[in-house]
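Each remark here refers to the structure printed beneath this line.
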Amino acid sequence: MTTPQAPLLHASGISKFFPGAVALDEVELKLYPGEVHALLGENGAGKSTLIKCLTGAYRRDGGTITLDGEDIDAKSTAESQELGIGTVYQEVNLLPNLTVAENLFMGRQPTRLGLVNRRQMNTQAREALLGYGLDLDPGEPLNSFSVAVQQVVAIARAVALSGKVLILDEPTASLDRDEVDLLFGVIRQLKDSGLSIVFITHFLDQVFEISDRATVLRNGRVVGERLLADVTQHDVVTLMLGRQLEATVQDRKAGKPGALLLEINDLAKRGMIEPFSMNLHRGEVVGLAGLLGSGRTETANLLFGAVQADHGKMLIDGREARIANPRDAVAQGFAMCPEDRKTHGIVGDLSVRDNIILALQARQGWMRPIPRAKVHEIAEHYVKALDIRLASLDMPIRLLSGGNQQKALLARWLATEPDVLILDEPTRGIDVGAHAEIIALIERLRENGMALLVASSELEELVAYSTRVVVLRDRHQVRELTGDEITADNIVHAIAAEPEKGAA
Amino acid sequence: MIRSTHLPLMVTLATFVLAFALCGWQYPSMLSTRVVANLLTDNAFLGIVAVGMTFVILSGGIDLSVGSVIAFTGVFLAVILRDTSIHPLAAFVLVLLITTMFGAAMGAVIHFLEMPPFIVTLAGMFLARGAAYVLSTDSVPITHEFYDTLQDIYWKAPGGGRFRLIGGIMLLVFICGALVAHRTRFGQNVYAVGGGGPTARLMGVPLARTTVGIYAISGGLAGLAGIIFSLYTSAGYSLATVGVELDAIAAVVIGGTLLSGGYGFVAGTFFGILIMGLIQTYIVFDGTLSSWWTKIVIGALLFSFILLQKGLTWATITRKRTATGSAQQS
């Protein structure tokens, strides 16, 4: 590719080491004026480390950064801001208790006789935001506005402060489509005014919609820089993963379920899920499909005893089982990975080892501690078996990337050697590579004779690993698909089959 | 324009006006300049220390040392004026320097060692109280003609009320405090720290300077309050002003400042002080009530203000939810 101009920002040979790990290895990033440059990579590939090195939040251990041809070495985010590099993070990094104008002008308030001139500040803030298409009262506290508006205010602040390079770290993660459009409008406008923008996101569609160029990172190294006009999404994903997605191709020959394990008869809970019946055999993956709020998570919680049923019964191996709470469920050989792993799954400050052993120890009872050697052995085994990437078993689990946290959670339950494994949105918020690995793992567990129940909103994924799919709509069980019926199309049809009757 | 953030201040103001009206209705003689003047004089030292406490609480911290610092200042002045021939003004400057440095040192420990303000200022509380005991365990009278001069400065209002110097100083401190909090960059930084330290740092707020400055202000104002208290009582006693830090905190909270930091006004603290003083005056006027009723009423007031703050927080959260619609919080 021909590049007539010199890069505005040129980072070369950037290295960063953490105890026991190389986070960045000689990374190069070239940013040209007036372009949107996407930074891509799996979780843990080094994107955020690179950003932190650029903004001075981390000190780099090697390499040079030039801005406008001059070497820079920012020691703090404040310094890089002054040099011209502004950053906007996923969680809006503004102060919710201050007004919009105060946030916009923090640290550079217009003053008169040493006192802050609030009137002038509010007027200027209003004008500045009008330039971004926002007409609002800047004297209102920031937390009275939506996340998208806060995001634009954050961008306005970064641009006003820095004005050369704008780094957007997953700005769209919590926005809906309209809000994303608002944000993209702002980004295009800034790009036209000659600003260079680094854009980080997990949404590939958005990358292709807004970006001109992309740099792809993998394991702390740059694996490619591409003009996006020249490549397809598939190329980019291949670069990111370094291998073809295995789970997309699927042969469904192993559809021979084993013995009947679990029989569910009209299990129901008023206001949560209507009577639900299902059989689950060993060596079978039953997918739970449905829209958000259709009762997928509720069903999973009901089976695991997290919510108590007020109707119906459950038979395990032909005997009626009473499951009043998750303890009972675990005792009966159930295991569940919940949807929201941050609040219901991991214990962030405990080590990976302790997190993995938690469920097994809980089932044993606290009076009979598992010997340390055994704990280590189990943790080691699953870290290897599930390919959990970590620096040490002793590191707090919150430091792991999303995909590795999810695998550690799976390890926790697999350590209890369950008969029935319930997974609620097992691939939410994790990168494509870990995604494929978890799908492969589900396959493997099924082949080993475990019975799995997987609730997911990703139809392709359900199609890939389910031997049967139960479709839910409005808390009703509406259809069960088996064998060749299982296609994304059929699931969509089942979800959309009947128009809602008497919807209030 | 009334904004939601002003609501606690409005409630405080309304409480004060209502309480004063009630008092005046029951005891018409309470509506005199004499009562108002006494209200200012009697609460001068508490008001000054509460301004410092407002800064500390706005930043999300707490300063438990101020009561001890006031006592230390009083004893220090009394001893130094008794044992040396130094002029009181020079002693004032000296003691203000000491207390400001003391506050700054606590701020530095809080910031650089990342210690909770509660523990650091608790240590400061014992230190200052201990230093006061070391200087003298007895009540030391202050007899100096300069003190008499200062105590004799007053403005006699039409109704017979004497507005003394120390009340005036308190008003001045409140005005300066409000200007610093709301109209200077330092004040904005205080609110920023209270809104969230890490975020404030990302926005370029100098955390170290701000934190040290906040506790230096609190310490210095506690020193000033100590000087005022020595003018008020003409003595220094190491057992004086025990628990004043808690009164100051109560005044700040009744004044509508959120204990978790980030929201509040210096003016609110002023009315918080007046409300507390008013309760005391009412009990004096009543004559039959035990003075401990002051504590009970203040306790009840505090509790209701905490409930109010919680309610307002909930209200903003629900309003925000409806404003953002179905957008998910990440």
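Following the order of the structure tokens, first chain is A, next is B, and so on, with residues numbered from 1 inside each chain and ligands from 1 in the order they appear.
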May I ask you to extract the residues of chain A within 10 Å of chain B, using only C-alpha atoms, and to give them as an MDAnalysis selection string? chainID A and resid 57 76:79 81:82 87 90:99 102:112 114:118 139:141 143:149 157:158 173:177 179
Do you know which residues are at most 12 Å from A:Gln308 counting only C-alpha atoms, after dropping those on the same chain fewer than 6 positions away, and could you put them as a PyMOL selection string? chain A and resi 267-270+272-273+298-302+322-326+328-329
For stretch 479-483 of chain A, please output as number ranges by chain all residues within 10 Å (counting only C-alpha atoms; exclusion window: fewer than 4 positions along the same chain). A: 252-253, 255, 278, 286-289, 466-473, 487, 490-491, 494-495, 497
With N, CA and C atoms retained, export the selected residues as a CSV table (one decimal), in the first residue's frame.
```csv
chain,number,residue,atom,x,y,z
A,252,ARG,N,-22.8,-34.3,12.5
A,252,ARG,CA,-23.7,-34.6,13.6
A,252,ARG,C,-23.9,-36.2,13.6
A,253,LYS,N,-22.8,-36.9,13.6
A,253,LYS,CA,-23.0,-38.4,13.5
A,253,LYS,C,-23.2,-39.0,14.9
A,255,GLY,N,-25.0,-38.9,17.3
A,255,GLY,CA,-26.3,-38.6,17.9
A,255,GLY,C,-26.9,-39.7,18.6
A,278,MET,N,-39.2,-32.2,30.1
A,278,MET,CA,-38.1,-32.5,29.2
A,278,MET,C,-37.4,-33.7,29.7
A,286,VAL,N,-28.6,-30.6,25.3
A,286,VAL,CA,-29.9,-30.0,24.9
A,286,VAL,C,-29.7,-28.5,25.0
A,287,GLY,N,-30.0,-27.9,23.9
A,287,GLY,CA,-29.9,-26.4,23.8
A,287,GLY,C,-31.2,-25.8,24.2
A,288,LEU,N,-31.1,-24.7,24.9
A,288,LEU,CA,-32.3,-23.9,25.2
A,288,LEU,C,-32.2,-22.6,24.4
A,289,ALA,N,-33.2,-22.4,23.5
A,289,ALA,CA,-33.2,-21.2,22.7
A,289,ALA,C,-34.4,-20.3,23.0
A,466,SER,N,-25.7,-28.8,19.7
A,466,SER,CA,-26.9,-29.4,20.4
A,466,SER,C,-27.3,-30.7,19.7
A,467,THR,N,-27.7,-31.7,20.4
A,467,THR,CA,-28.3,-32.8,19.9
A,467,THR,C,-29.9,-32.7,19.8
A,468,ARG,N,-30.4,-31.8,20.7
A,468,ARG,CA,-31.8,-31.4,20.7
A,468,ARG,C,-31.8,-29.9,21.1
A,469,VAL,N,-32.8,-29.2,20.6
A,469,VAL,CA,-33.0,-27.8,21.0
A,469,VAL,C,-34.4,-27.6,21.4
A,470,VAL,N,-34.6,-27.1,22.6
A,470,VAL,CA,-35.9,-26.7,23.2
A,470,VAL,C,-36.0,-25.2,23.0
A,471,VAL,N,-37.1,-24.8,22.3
A,471,VAL,CA,-37.3,-23.4,22.1
A,471,VAL,C,-38.4,-22.9,23.1
A,472,LEU,N,-38.0,-21.7,23.7
A,472,LEU,CA,-38.9,-21.1,24.6
A,472,LEU,C,-39.4,-19.8,24.0
A,473,ARG,N,-40.6,-19.4,24.4
A,473,ARG,CA,-41.1,-18.1,24.0
A,473,ARG,C,-42.0,-17.7,25.1
A,487,THR,N,-31.6,-26.3,12.7
A,487,THR,CA,-30.9,-25.3,12.0
A,487,THR,C,-31.3,-23.9,12.6
A,490,ASN,N,-34.8,-22.9,11.5
A,490,ASN,CA,-35.9,-23.5,12.2
A,490,ASN,C,-36.1,-22.9,13.6
A,491,ILE,N,-35.0,-22.6,14.3
A,491,ILE,CA,-35.2,-22.1,15.6
A,491,ILE,C,-35.8,-20.7,15.5
A,494,ALA,N,-39.4,-21.2,14.9
A,494,ALA,CA,-40.1,-21.6,16.2
A,494,ALA,C,-40.4,-20.4,17.1
A,495,ILE,N,-39.3,-19.6,17.2
A,495,ILE,CA,-39.5,-18.4,18.1
A,495,ILE,C,-40.5,-17.5,17.6
A,497,ALA,N,-43.0,-18.2,15.4
A,497,ALA,CA,-44.1,-18.9,14.7
A,497,ALA,C,-45.5,-18.3,15.0
```
Near B:Phe126, counting only C-alpha atoms, which residues have an atom at most 8 Å away, once you skip same-chain residues fewer than 3 positions from it, shown as a list in words? Ser65, Ser68, Leu122, Ala123, Arg129 and Gly130 of chain B
Near A:Asp474, within 8 Å and counting only C-alpha atoms, which residues show up once chain neighbours fewer than 2 positions away are dropped, as a ChimeraX atom specification? /A:293-295,472,476
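The interatomic distance for the pair atom CA of B:Leu81 and atom CA of B:Ser234 works out to 11.6 Å.
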Shell around stretch 171-178 of chain B at 8 Å using only C-alpha atoms, local window under 4 positions removed, as an NGL selection string: :B and (47-48 or 51 or 167 or 182-183 or 265-267 or 270)
Selection file, N, CA, C and O atoms, as a short mmCIF file (atom, residue, chain, number, x, y, z; two decimals), in the first residue's frame:
```cif
data_model
loop_
_atom_site.label_atom_id
_atom_site.label_comp_id
_atom_site.auth_asym_id
_atom_site.auth_seq_id
_atom_site.Cartn_x
_atom_site.Cartn_y
_atom_site.Cartn_z
N GLY B 47 -18.48 26.28 63.93
CA GLY B 47 -18.72 26.63 62.53
C GLY B 47 -17.44 26.60 61.72
O GLY B 47 -17.38 26.04 60.62
N ILE B 48 -16.38 27.19 62.28
CA ILE B 48 -15.11 27.25 61.55
C ILE B 48 -14.56 25.85 61.30
O ILE B 48 -14.16 25.51 60.18
N VAL B 51 -16.40 24.06 58.53
CA VAL B 51 -16.06 24.41 57.15
C VAL B 51 -14.94 23.48 56.66
O VAL B 51 -15.01 22.91 55.57
N GLY B 167 -17.86 35.74 65.98
CA GLY B 167 -18.95 35.38 65.07
C GLY B 167 -18.66 35.90 63.67
O GLY B 167 -18.91 35.21 62.66
N HIS B 182 -16.53 26.40 45.61
CA HIS B 182 -17.36 26.43 44.41
C HIS B 182 -16.78 27.23 43.26
O HIS B 182 -17.22 27.09 42.13
N ARG B 183 -15.81 28.08 43.56
CA ARG B 183 -15.36 28.96 42.49
C ARG B 183 -13.86 28.90 42.21
O ARG B 183 -13.34 29.77 41.53
N PHE B 265 -22.67 21.47 49.83
CA PHE B 265 -22.35 22.89 49.73
C PHE B 265 -21.86 23.39 51.08
O PHE B 265 -22.33 22.96 52.12
N VAL B 266 -20.92 24.34 51.04
CA VAL B 266 -20.44 24.93 52.28
C VAL B 266 -21.57 25.69 52.97
O VAL B 266 -21.71 25.65 54.19
N ALA B 267 -22.41 26.35 52.19
CA ALA B 267 -23.53 27.09 52.78
C ALA B 267 -24.44 26.16 53.58
O ALA B 267 -25.00 26.56 54.61
N PHE B 270 -23.33 25.81 57.05
CA PHE B 270 -23.68 26.97 57.87
C PHE B 270 -25.06 26.79 58.49
O PHE B 270 -25.24 26.98 59.70
#
```
Picked from stretch 338-382 of chain A by DSSP as alpha helix (DSSP H), as an MDAnalysis selection string: chainID A and resid 341:344 352:364 372:382
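These are the residues of stretch 32-263 of chain B assigned strand (DSSP E) by DSSP from backbone coordinates: Val140, Pro141, Tyr154, Trp155, Lys156, Arg162, Phe163, Arg164, Ala235 and Gly236 of chain B.
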Prev. selection, all heavy atoms, output as a short mmCIF file (atom, residue, chain, number, x, y, z; two decimals), in the first residue's frame:
```cif
data_model
loop_
_atom_site.label_atom_id
_atom_site.label_comp_id
_atom_site.auth_asym_id
_atom_site.auth_seq_id
_atom_site.Cartn_x
_atom_site.Cartn_y
_atom_site.Cartn_z
N VAL B 140 -5.54 26.18 82.00
CA VAL B 140 -4.64 27.33 82.15
C VAL B 140 -5.38 28.59 81.70
O VAL B 140 -5.78 28.69 80.55
CB VAL B 140 -3.37 27.15 81.30
CG1 VAL B 140 -2.40 28.31 81.53
CG2 VAL B 140 -2.72 25.81 81.60
N PRO B 141 -5.57 29.55 82.61
CA PRO B 141 -6.27 30.78 82.22
C PRO B 141 -5.39 31.65 81.33
O PRO B 141 -4.16 31.62 81.45
CB PRO B 141 -6.56 31.45 83.55
CG PRO B 141 -5.55 30.92 84.48
CD PRO B 141 -5.23 29.53 84.03
N TYR B 154 -17.13 44.46 69.39
CA TYR B 154 -18.45 43.97 68.98
C TYR B 154 -19.23 45.10 68.35
O TYR B 154 -18.88 46.28 68.45
CB TYR B 154 -19.22 43.37 70.15
CG TYR B 154 -19.51 44.33 71.29
CD1 TYR B 154 -20.62 45.20 71.23
CD2 TYR B 154 -18.69 44.36 72.42
CE1 TYR B 154 -20.88 46.07 72.27
CE2 TYR B 154 -18.95 45.23 73.46
CZ TYR B 154 -20.05 46.08 73.38
OH TYR B 154 -20.31 46.94 74.39
N TRP B 155 -20.27 44.67 67.63
CA TRP B 155 -21.16 45.66 67.03
C TRP B 155 -22.52 45.47 67.66
O TRP B 155 -23.08 44.38 67.65
CB TRP B 155 -21.24 45.45 65.52
CG TRP B 155 -22.29 46.30 64.86
CD1 TRP B 155 -22.29 47.65 64.75
CD2 TRP B 155 -23.50 45.85 64.25
NE1 TRP B 155 -23.42 48.08 64.11
CE2 TRP B 155 -24.18 47.00 63.79
CE3 TRP B 155 -24.08 44.58 64.07
CZ2 TRP B 155 -25.42 46.93 63.14
CZ3 TRP B 155 -25.31 44.51 63.42
CH2 TRP B 155 -25.97 45.68 62.96
N LYS B 156 -23.02 46.55 68.26
CA LYS B 156 -24.29 46.43 68.98
C LYS B 156 -25.44 46.69 68.01
O LYS B 156 -25.56 47.79 67.46
CB LYS B 156 -24.33 47.42 70.14
CG LYS B 156 -25.41 47.05 71.12
CD LYS B 156 -25.19 47.69 72.48
CE LYS B 156 -26.32 47.23 73.37
NZ LYS B 156 -26.60 48.06 74.47
N ARG B 162 -25.27 41.68 70.67
CA ARG B 162 -23.87 42.05 70.45
C ARG B 162 -23.22 41.06 69.49
O ARG B 162 -22.99 39.90 69.86
CB ARG B 162 -23.12 42.06 71.78
CG ARG B 162 -23.54 43.21 72.64
CD ARG B 162 -22.87 43.12 73.98
NE ARG B 162 -23.48 44.15 74.84
CZ ARG B 162 -22.85 44.69 75.86
NH1 ARG B 162 -21.63 44.32 76.15
NH2 ARG B 162 -23.45 45.60 76.59
N PHE B 163 -22.95 41.52 68.29
CA PHE B 163 -22.28 40.67 67.32
C PHE B 163 -20.79 40.80 67.55
O PHE B 163 -20.19 41.82 67.27
CB PHE B 163 -22.67 41.08 65.90
CG PHE B 163 -24.08 40.72 65.55
CD1 PHE B 163 -25.12 41.60 65.81
CD2 PHE B 163 -24.37 39.48 64.98
CE1 PHE B 163 -26.43 41.25 65.51
CE2 PHE B 163 -25.68 39.14 64.67
CZ PHE B 163 -26.71 40.03 64.95
N ARG B 164 -20.21 39.75 68.11
CA ARG B 164 -18.80 39.82 68.49
C ARG B 164 -17.89 39.45 67.34
O ARG B 164 -18.30 38.88 66.33
CB ARG B 164 -18.55 38.89 69.68
CG ARG B 164 -19.27 39.35 70.92
CD ARG B 164 -18.95 38.48 72.12
NE ARG B 164 -19.75 38.95 73.24
CZ ARG B 164 -19.39 39.98 74.01
NH1 ARG B 164 -18.26 40.61 73.77
NH2 ARG B 164 -20.17 40.36 75.01
N ALA B 235 -9.28 30.56 78.21
CA ALA B 235 -8.49 29.53 78.89
C ALA B 235 -8.10 28.45 77.89
O ALA B 235 -8.65 28.38 76.78
CB ALA B 235 -9.29 28.91 80.03
N GLY B 236 -7.14 27.66 78.30
CA GLY B 236 -6.79 26.50 77.53
C GLY B 236 -6.85 25.28 78.42
O GLY B 236 -6.28 25.26 79.50
#
```
List as an mmCIF file with all heavy atoms, in the first residue's frame the protein and nucleic acid residues near B:Tyr147, meaning an atom at most 10 Å away when only C-alpha atoms are counted, but skip any in the same chain fewer than 2 places from it.
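The result, written out as part-v8.cif:
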```cif
data_model
loop_
_atom_site.group_PDB
_atom_site.id
_atom_site.type_symbol
_atom_site.label_atom_id
_atom_site.label_comp_id
_atom_site.auth_asym_id
_atom_site.auth_seq_id
_atom_site.Cartn_x
_atom_site.Cartn_y
_atom_site.Cartn_z
ATOM 1 N N PRO B 88 0.465 37.688 71.460
ATOM 2 C CA PRO B 88 -0.558 36.722 71.031
ATOM 3 C C PRO B 88 -0.645 36.570 69.520
ATOM 4 O O PRO B 88 -0.799 35.447 69.019
ATOM 5 C CB PRO B 88 -1.845 37.306 71.593
ATOM 6 C CG PRO B 88 -1.425 38.057 72.793
ATOM 7 C CD PRO B 88 -0.063 38.612 72.490
ATOM 8 N N LEU B 89 -0.501 37.668 68.758
ATOM 9 C CA LEU B 89 -0.604 37.560 67.295
ATOM 10 C C LEU B 89 0.467 36.626 66.747
ATOM 11 O O LEU B 89 0.193 35.784 65.887
ATOM 12 C CB LEU B 89 -0.462 38.948 66.661
ATOM 13 C CG LEU B 89 -1.770 39.724 66.458
ATOM 14 C CD1 LEU B 89 -1.487 41.067 65.802
ATOM 15 C CD2 LEU B 89 -2.759 38.920 65.628
ATOM 16 N N ILE B 142 -6.027 32.374 80.418
ATOM 17 C CA ILE B 142 -5.285 33.294 79.558
ATOM 18 C C ILE B 142 -5.618 34.709 79.995
ATOM 19 O O ILE B 142 -6.775 35.125 79.964
ATOM 20 C CB ILE B 142 -5.663 33.124 78.078
ATOM 21 C CG1 ILE B 142 -5.351 31.694 77.609
ATOM 22 C CG2 ILE B 142 -4.928 34.130 77.205
ATOM 23 C CD1 ILE B 142 -5.782 31.404 76.189
ATOM 24 N N THR B 143 -4.605 35.438 80.498
ATOM 25 C CA THR B 143 -4.816 36.831 80.872
ATOM 26 C C THR B 143 -3.803 37.680 80.116
ATOM 27 O O THR B 143 -2.618 37.674 80.422
ATOM 28 C CB THR B 143 -4.627 37.035 82.383
ATOM 29 O OG1 THR B 143 -3.403 36.396 82.763
ATOM 30 C CG2 THR B 143 -5.775 36.471 83.170
ATOM 31 N N HIS B 144 -4.292 38.344 79.123
ATOM 32 C CA HIS B 144 -3.431 39.184 78.306
ATOM 33 C C HIS B 144 -4.302 40.328 77.811
ATOM 34 O O HIS B 144 -5.447 40.110 77.400
ATOM 35 C CB HIS B 144 -2.879 38.378 77.132
ATOM 36 C CG HIS B 144 -1.718 39.066 76.452
ATOM 37 N ND1 HIS B 144 -1.869 40.158 75.628
ATOM 38 C CD2 HIS B 144 -0.369 38.804 76.481
ATOM 39 C CE1 HIS B 144 -0.696 40.544 75.184
ATOM 40 N NE2 HIS B 144 0.246 39.740 75.699
ATOM 41 N N GLU B 145 -3.751 41.560 77.850
ATOM 42 C CA GLU B 145 -4.608 42.697 77.486
ATOM 43 C C GLU B 145 -5.090 42.623 76.041
ATOM 44 O O GLU B 145 -6.170 43.081 75.709
ATOM 45 C CB GLU B 145 -3.887 44.046 77.751
ATOM 46 C CG GLU B 145 -2.600 44.233 77.005
ATOM 47 C CD GLU B 145 -1.405 43.743 77.841
ATOM 48 O OE1 GLU B 145 -1.563 42.771 78.631
ATOM 49 O OE2 GLU B 145 -0.332 44.299 77.700
ATOM 50 N N THR B 149 -8.785 43.157 74.509
ATOM 51 C CA THR B 149 -9.103 44.043 73.389
ATOM 52 C C THR B 149 -9.970 43.318 72.376
ATOM 53 O O THR B 149 -11.012 43.815 71.932
ATOM 54 C CB THR B 149 -7.803 44.515 72.694
ATOM 55 O OG1 THR B 149 -6.805 44.718 73.693
ATOM 56 C CG2 THR B 149 -8.039 45.773 71.890
ATOM 57 N N LEU B 150 -9.503 42.109 72.002
ATOM 58 C CA LEU B 150 -10.246 41.346 70.988
ATOM 59 C C LEU B 150 -11.660 41.018 71.465
ATOM 60 O O LEU B 150 -12.625 41.096 70.718
ATOM 61 C CB LEU B 150 -9.505 40.049 70.647
ATOM 62 C CG LEU B 150 -8.192 40.186 69.869
ATOM 63 C CD1 LEU B 150 -7.595 38.808 69.587
ATOM 64 C CD2 LEU B 150 -8.414 40.932 68.559
ATOM 65 N N GLN B 151 -11.755 40.633 72.747
ATOM 66 C CA GLN B 151 -13.065 40.237 73.273
ATOM 67 C C GLN B 151 -14.020 41.420 73.351
ATOM 68 O O GLN B 151 -15.236 41.240 73.369
ATOM 69 C CB GLN B 151 -12.896 39.593 74.657
ATOM 70 C CG GLN B 151 -12.397 38.153 74.568
ATOM 71 C CD GLN B 151 -11.772 37.669 75.865
ATOM 72 O OE1 GLN B 151 -11.513 38.463 76.767
ATOM 73 N NE2 GLN B 151 -11.536 36.377 75.942
ATOM 74 N N ASP B 152 -13.458 42.623 73.407
ATOM 75 C CA ASP B 152 -14.325 43.797 73.531
ATOM 76 C C ASP B 152 -14.792 44.349 72.192
ATOM 77 O O ASP B 152 -15.547 45.318 72.153
ATOM 78 C CB ASP B 152 -13.595 44.907 74.307
ATOM 79 C CG ASP B 152 -13.558 44.582 75.796
ATOM 80 O OD1 ASP B 152 -14.392 43.735 76.202
ATOM 81 O OD2 ASP B 152 -12.704 45.119 76.524
ATOM 82 N N SER B 230 -10.297 29.792 72.416
ATOM 83 C CA SER B 230 -9.553 30.373 73.550
ATOM 84 C C SER B 230 -10.027 31.804 73.823
ATOM 85 O O SER B 230 -10.048 32.255 74.969
ATOM 86 C CB SER B 230 -8.052 30.324 73.285
ATOM 87 O OG SER B 230 -7.677 31.325 72.368
ATOM 88 N N LEU B 231 -10.406 32.508 72.768
ATOM 89 C CA LEU B 231 -10.991 33.845 72.958
ATOM 90 C C LEU B 231 -12.349 33.740 73.655
ATOM 91 O O LEU B 231 -12.735 34.579 74.456
ATOM 92 C CB LEU B 231 -11.172 34.538 71.603
ATOM 93 C CG LEU B 231 -9.942 35.212 70.985
ATOM 94 C CD1 LEU B 231 -10.208 35.562 69.542
ATOM 95 C CD2 LEU B 231 -9.586 36.458 71.779
ATOM 96 N N TYR B 232 -13.074 32.690 73.325
ATOM 97 C CA TYR B 232 -14.425 32.483 73.840
ATOM 98 C C TYR B 232 -14.395 32.115 75.315
ATOM 99 O O TYR B 232 -15.203 32.579 76.103
ATOM 100 C CB TYR B 232 -15.067 31.375 72.995
ATOM 101 C CG TYR B 232 -16.497 31.015 73.323
ATOM 102 C CD1 TYR B 232 -17.521 31.976 73.247
ATOM 103 C CD2 TYR B 232 -16.838 29.701 73.648
ATOM 104 C CE1 TYR B 232 -18.835 31.630 73.512
ATOM 105 C CE2 TYR B 232 -18.140 29.352 73.907
ATOM 106 C CZ TYR B 232 -19.143 30.317 73.842
ATOM 107 O OH TYR B 232 -20.440 29.970 74.089
ATOM 108 N N SER B 234 -11.336 32.176 77.291
ATOM 109 C CA SER B 234 -10.199 32.787 77.989
ATOM 110 C C SER B 234 -9.392 31.754 78.762
ATOM 111 O O SER B 234 -8.893 32.034 79.844
ATOM 112 C CB SER B 234 -10.672 33.866 78.962
ATOM 113 O OG SER B 234 -11.284 34.908 78.272
#
```
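Distance-wise, atom CA of A:Glu461 and atom CA of A:Arg398 end up 26.2 Å apart.
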